Amino acid sequence: MDHFLYRNGALYAEDVPVADIAAEVGTPFYVYSTATLLRHYRLFDEALDGVDHLVCYAMKAAGNLAILKTLAQAGAGMDVVSGGEYLRARAAGVPGDKIVFSGVGKTAEEMRTALQGGIRQFNVESEPEMEQLNLVAQSLGMVAPITIRVNPDVDAKTHAKIATGKSENKFGIPIARARAVYARAAELPGIEVVGIDVHIGSQLTQLEPFELAYAKVAELTEQLRADGHHIRRLDLGGGLGIPYTRSNEAPPLPVEYGAMIKRTLGHLGCEIEIEPGRLIAGNAGLLVSSVIYMKSGEGRDFLILDAAMNDLIRPAMYDAHHDIIPVIEPAPGVEQRPYDVVGPVCETGDTFARQRDLPPMASGDLVAFRSAGAYGAVMASEYNARPLVPEVLVNGDQFAVIRRRPSFEEMMNRDTIPEWL
Ligand code: LLP
């Protein structure tokens with residue numbers, strides 16, 4: 001469920017007409033709904049009712065400070081994967097003891113930043129990383145709390161580019177080696193083991209792969225405890241999928257996911273952390289764009305938008321489907337026709353949808369890409385010297401620009417000309 005609905009023939013973001021935002025901000029832009037962000041965060045929080053838990057929003061999905069602050073004020077922790085994300089989370093008011101640091105290649109500098117600023121735990125992904133963290137912590141006279149990310153070798157049954165839990169993926173340490181690596185951790189004075197971490201992939205539409213992985217984590221918890229380790233926290237990663245089409249079969253709900261977690265791991269008495277990103281932000285955001293031209297080609301019509309692959313890369317990168325809807329609701333019974341919906345970037349890959357049925361569209365009409373809140377703005381680039389898309393946050397009948405569109409001058413001023421030119 002989200003808060004982007006038609007009212008009296010016009011698309012609204014909560015209580016704000018999307019066309020009003022377009023008139024003020026210009027297109028393309030991303031718009032997020034506060035109510036949807038909070039609703040999704042609370043669904044996870046409530047799903048884990050009854051167990052000690054922390055929902056750590058995976059801010060890689062949408063990392064604007066205003067979004068982070070919205071969630072932080074509701075009580076969310078954060079999952080960060082870089083020094084930059086760590087500093088953003090802190091700037092949004094997230095206390096260090098609610099931040100977990102994931103990622104396969106943390107640098108010594110990033111480790112120092114997080115240790116000095118305060119951190120709940122590092123999710124360590126390899127032995128060399130653990131040795132490095134030990135050295136950094138010792139050099140600061142500190143002890144780094146860690147979980148070790150295990151790779152359970154399960155098939156997440158998702159797109160190959162976002163599956164992470166198979167043995168051939170670069171993530172975590174093979175679960176079969178876990179006991180040896182935990183034994184090594186126990187020898188390191190700069191390291192304190194607090195638990196186990198697992199994350200098997202993103203946009204999972206079934207519970208079964210999670211359950212297989214979590215059952216392996218349960219077994220490992222008992223083994224490690226028998227080995228003398230104090231396993232008190234389980235970080236279960238993110239990955240629960242969202243419906244990208246309205247017709248599609250719906251992925252499991254957070255409440256079902258939470259029940260499965262309690263069933264599989266509840267007996268262990270551990271504190272549970274989860275790291276959802278997409279489910280919190282995905283359906284809380286739209287990308288709004290204007291039609292530049294409708295071009296009739298050989299046997300097909302192209303709808304050329306002012307948004308492009310640099311603004312929303314998911315269709316080009318993962319063959320992802322995003323519903324595209326007109327901002328003015330089509331009159332009932334209006335005949336739809338197929339369009340190839342494309343951007344202006346000079347690549348054939350800059351195609352959002354092929355032969356997508358839409359009502360007749362003309363230059364200047366506004367369209368919205370649904371489910372664009374996660375992995376949309378954060379993955380945007382300035383390819384073709386196109387400015388990064390602005391972001392807008394709606395809250396009830398108010399809206400605010402939370403990242404403005406840069407001017408071309410600002411973009412050019414980041415370059416410097418060497419003195420020999
Ligand atoms: N935790 C870790 C360690 C992760 O690597 C990720 C996502 C998450 C949590 C959050 O997963 P989520 O709940 O959002 O599925 N750009 C891709 C998705 C990449 C996901 C990367 N890791 C896309 O647009 O589909």
# chains A, B, ... in the order shown; residues from 1 in each chain; ligands from 1
call {"tool": "residues_near_ligand", "arguments": {"ligand": "ligand 1", "cutoff": "8 Å", "atoms": "only C-alpha atoms and all ligand atoms", "output": "PyMOL selection string"}}
result
chain A and resi 57-61+79+81+102-103+161-162+164+198-199+201-204+237-241+274-280+313-314+318+320+374-376+379
call {"tool": "write_last_selection", "arguments": {"atoms": "N, CA and C atoms", "output": "short mmCIF file (atom, residue, chain, number, x, y, z; two decimals), in the first residue's frame"}}
result
data_model
loop_
_atom_site.label_atom_id
_atom_site.label_comp_id
_atom_site.auth_asym_id
_atom_site.auth_seq_id
_atom_site.Cartn_x
_atom_site.Cartn_y
_atom_site.Cartn_z
N TYR A 57 17.33 0.42 8.90
CA TYR A 57 17.00 0.74 7.51
C TYR A 57 18.27 0.72 6.66
N ALA A 58 18.25 -0.03 5.56
CA ALA A 58 19.41 -0.08 4.66
C ALA A 58 19.39 1.18 3.80
N MET A 59 20.13 2.17 4.25
CA MET A 59 20.00 3.50 3.65
C MET A 59 20.55 3.60 2.24
N LYS A 60 21.21 2.55 1.77
CA LYS A 60 21.64 2.55 0.37
C LYS A 60 20.43 2.65 -0.56
N ALA A 61 19.25 2.26 -0.08
CA ALA A 61 18.05 2.28 -0.94
C ALA A 61 17.62 3.71 -1.25
N ASP A 79 21.52 0.67 8.55
CA ASP A 79 22.57 -0.20 8.01
C ASP A 79 23.33 0.64 7.00
N VAL A 81 26.96 1.22 4.50
CA VAL A 81 27.96 0.42 3.79
C VAL A 81 29.16 1.25 3.35
N SER A 102 27.87 -2.57 7.31
CA SER A 102 28.01 -3.73 6.42
C SER A 102 28.96 -3.40 5.28
N GLY A 103 29.25 -4.38 4.44
CA GLY A 103 30.02 -4.11 3.23
C GLY A 103 31.29 -4.94 3.18
N LYS A 161 22.13 -10.29 -10.44
CA LYS A 161 22.97 -9.17 -10.00
C LYS A 161 22.70 -8.75 -8.56
N ILE A 162 21.62 -9.24 -7.96
CA ILE A 162 21.32 -8.85 -6.58
C ILE A 162 21.15 -10.05 -5.66
N THR A 164 23.11 -12.67 -3.27
CA THR A 164 24.39 -12.56 -2.56
C THR A 164 24.72 -13.77 -1.70
N VAL A 198 23.83 -12.36 8.36
CA VAL A 198 23.57 -13.03 7.08
C VAL A 198 22.71 -12.10 6.24
N HIS A 199 22.96 -12.09 4.94
CA HIS A 199 22.09 -11.35 4.00
C HIS A 199 22.21 -12.06 2.66
N GLY A 201 20.33 -11.61 -0.31
CA GLY A 201 20.00 -10.98 -1.59
C GLY A 201 18.84 -10.03 -1.45
N SER A 202 18.44 -9.47 -2.56
CA SER A 202 17.44 -8.41 -2.56
C SER A 202 16.29 -8.79 -3.49
N GLN A 203 15.14 -8.19 -3.23
CA GLN A 203 13.93 -8.45 -4.01
C GLN A 203 13.59 -9.95 -3.99
N LEU A 204 13.60 -10.52 -2.79
CA LEU A 204 13.17 -11.92 -2.63
C LEU A 204 11.65 -11.93 -2.53
N GLY A 237 19.93 -9.32 7.86
CA GLY A 237 20.00 -8.68 6.55
C GLY A 237 18.66 -8.11 6.11
N GLY A 238 18.62 -7.74 4.84
CA GLY A 238 17.38 -7.20 4.27
C GLY A 238 16.89 -8.14 3.19
N GLY A 239 16.22 -7.60 2.19
CA GLY A 239 15.94 -8.40 1.01
C GLY A 239 14.49 -8.72 0.71
N LEU A 240 13.59 -8.43 1.67
CA LEU A 240 12.19 -8.77 1.37
C LEU A 240 11.70 -7.92 0.19
N GLY A 241 11.10 -8.59 -0.79
CA GLY A 241 10.74 -7.93 -2.05
C GLY A 241 9.45 -7.14 -1.96
N ILE A 274 17.21 -6.53 11.62
CA ILE A 274 16.96 -6.72 10.19
C ILE A 274 17.34 -5.44 9.47
N GLU A 275 17.63 -5.58 8.17
CA GLU A 275 18.14 -4.44 7.39
C GLU A 275 17.31 -4.22 6.12
N PRO A 276 16.03 -3.96 6.25
CA PRO A 276 15.25 -3.75 5.03
C PRO A 276 15.53 -2.38 4.41
N GLY A 277 15.63 -2.36 3.10
CA GLY A 277 15.81 -1.09 2.38
C GLY A 277 14.65 -0.90 1.42
N ARG A 278 14.58 -1.80 0.43
CA ARG A 278 13.61 -1.64 -0.65
C ARG A 278 12.18 -1.59 -0.13
N LEU A 279 11.85 -2.45 0.84
CA LEU A 279 10.45 -2.50 1.25
C LEU A 279 10.03 -1.22 1.97
N ILE A 280 10.99 -0.56 2.60
CA ILE A 280 10.64 0.69 3.28
C ILE A 280 10.51 1.84 2.25
N ILE A 313 18.15 3.86 -13.22
CA ILE A 313 18.93 2.91 -14.03
C ILE A 313 18.38 1.49 -13.97
N ARG A 314 17.41 1.26 -13.10
CA ARG A 314 16.98 -0.12 -12.83
C ARG A 314 16.50 -0.88 -14.09
N TYR A 318 18.84 -4.02 -14.58
CA TYR A 318 18.30 -5.31 -14.11
C TYR A 318 17.08 -5.74 -14.92
N ALA A 320 14.47 -4.26 -14.99
CA ALA A 320 13.41 -4.12 -13.99
C ALA A 320 12.16 -3.48 -14.60
N ALA A 374 13.20 3.25 -4.01
CA ALA A 374 14.42 2.55 -3.60
C ALA A 374 15.32 2.32 -4.82
N TYR A 375 16.60 2.58 -4.64
CA TYR A 375 17.59 2.37 -5.70
C TYR A 375 17.26 3.20 -6.94
N GLY A 376 16.65 4.35 -6.72
CA GLY A 376 16.34 5.29 -7.80
C GLY A 376 17.32 6.44 -7.74
N MET A 379 21.08 5.86 -7.21
CA MET A 379 21.89 5.28 -8.28
C MET A 379 21.99 6.20 -9.49
#
call {"tool": "select_by_dssp", "arguments": {"residues": "segment 324-353 of chain A", "states": "strand (DSSP E)", "output": "MDAnalysis selection string"}}
result
chainID A and resid 324:326 337:342 351:353
call {"tool": "closest_residue", "arguments": {"among": "A:Ile173, A:Leu220, A:Leu421, A:Ala281", "to": "Ile148 of chain A", "atoms": "only C-alpha atoms"}}
result
A:Ile173
call {"tool": "residues_around", "arguments": {"residues": "segment 14-20 of chain A", "least_positions_apart": "4", "cutoff": "8 Å", "atoms": "only C-alpha atoms", "output": "compact mmCIF listing (two decimals) with C-alpha atoms, in the first residue's frame"}}
result
# COMPACT_ATOMS: atom_id res chain seq x y z
CA HIS A 3 -0.05 7.07 -0.65
CA PHE A 4 0.04 7.87 -4.37
CA LEU A 5 -3.58 7.75 -5.48
CA ALA A 10 -5.39 13.77 -10.71
CA GLU A 24 7.10 24.38 -8.88
CA SER A 33 5.69 10.04 0.88
CA ALA A 35 3.30 8.36 5.48
CA VAL A 327 -0.47 12.03 -13.75
CA LEU A 366 3.30 14.17 -17.01
CA VAL A 394 5.63 15.18 0.99
CA ASN A 395 4.09 15.11 4.44
CA GLY A 396 0.28 15.45 4.44
CA ASP A 397 -0.51 18.62 2.53
CA GLN A 398 3.04 19.98 2.74
CA PHE A 399 5.98 19.35 0.47
call {"tool": "closest_residue", "arguments": {"among": "A:Leu133, A:Val94, A:Ala163, A:Leu188", "to": "Ala74 of chain A", "atoms": "only C-alpha atoms"}}
result
A:Val94
call {"tool": "residues_around", "arguments": {"residues": "segment 149-158 of chain A", "least_positions_apart": "2", "cutoff": "9 Å", "atoms": "only C-alpha atoms", "output": "ChimeraX atom specification"}}
result
/A:102,123-126,147,160-169,171-178,196-206,208-210,212-214,216-217,235
call {"tool": "residues_around", "arguments": {"residues": "Leu115 of chain A", "least_positions_apart": "4", "cutoff": "10 Å", "atoms": "only C-alpha atoms", "output": "list in words"}}
result
Gly96, Glu109, Glu110, Met111, Ile119, Arg120, Gln121, Phe122, Leu133, Val136, Ala137, Leu140, Met142, Val143, Ala144 and Pro145 of chain A
call {"tool": "closest_residue", "arguments": {"among": "A:Glu85, A:Asp350, A:Glu329, A:Glu256", "to": "Ala62 of chain A", "atoms": "only C-alpha atoms"}}
result
A:Glu85
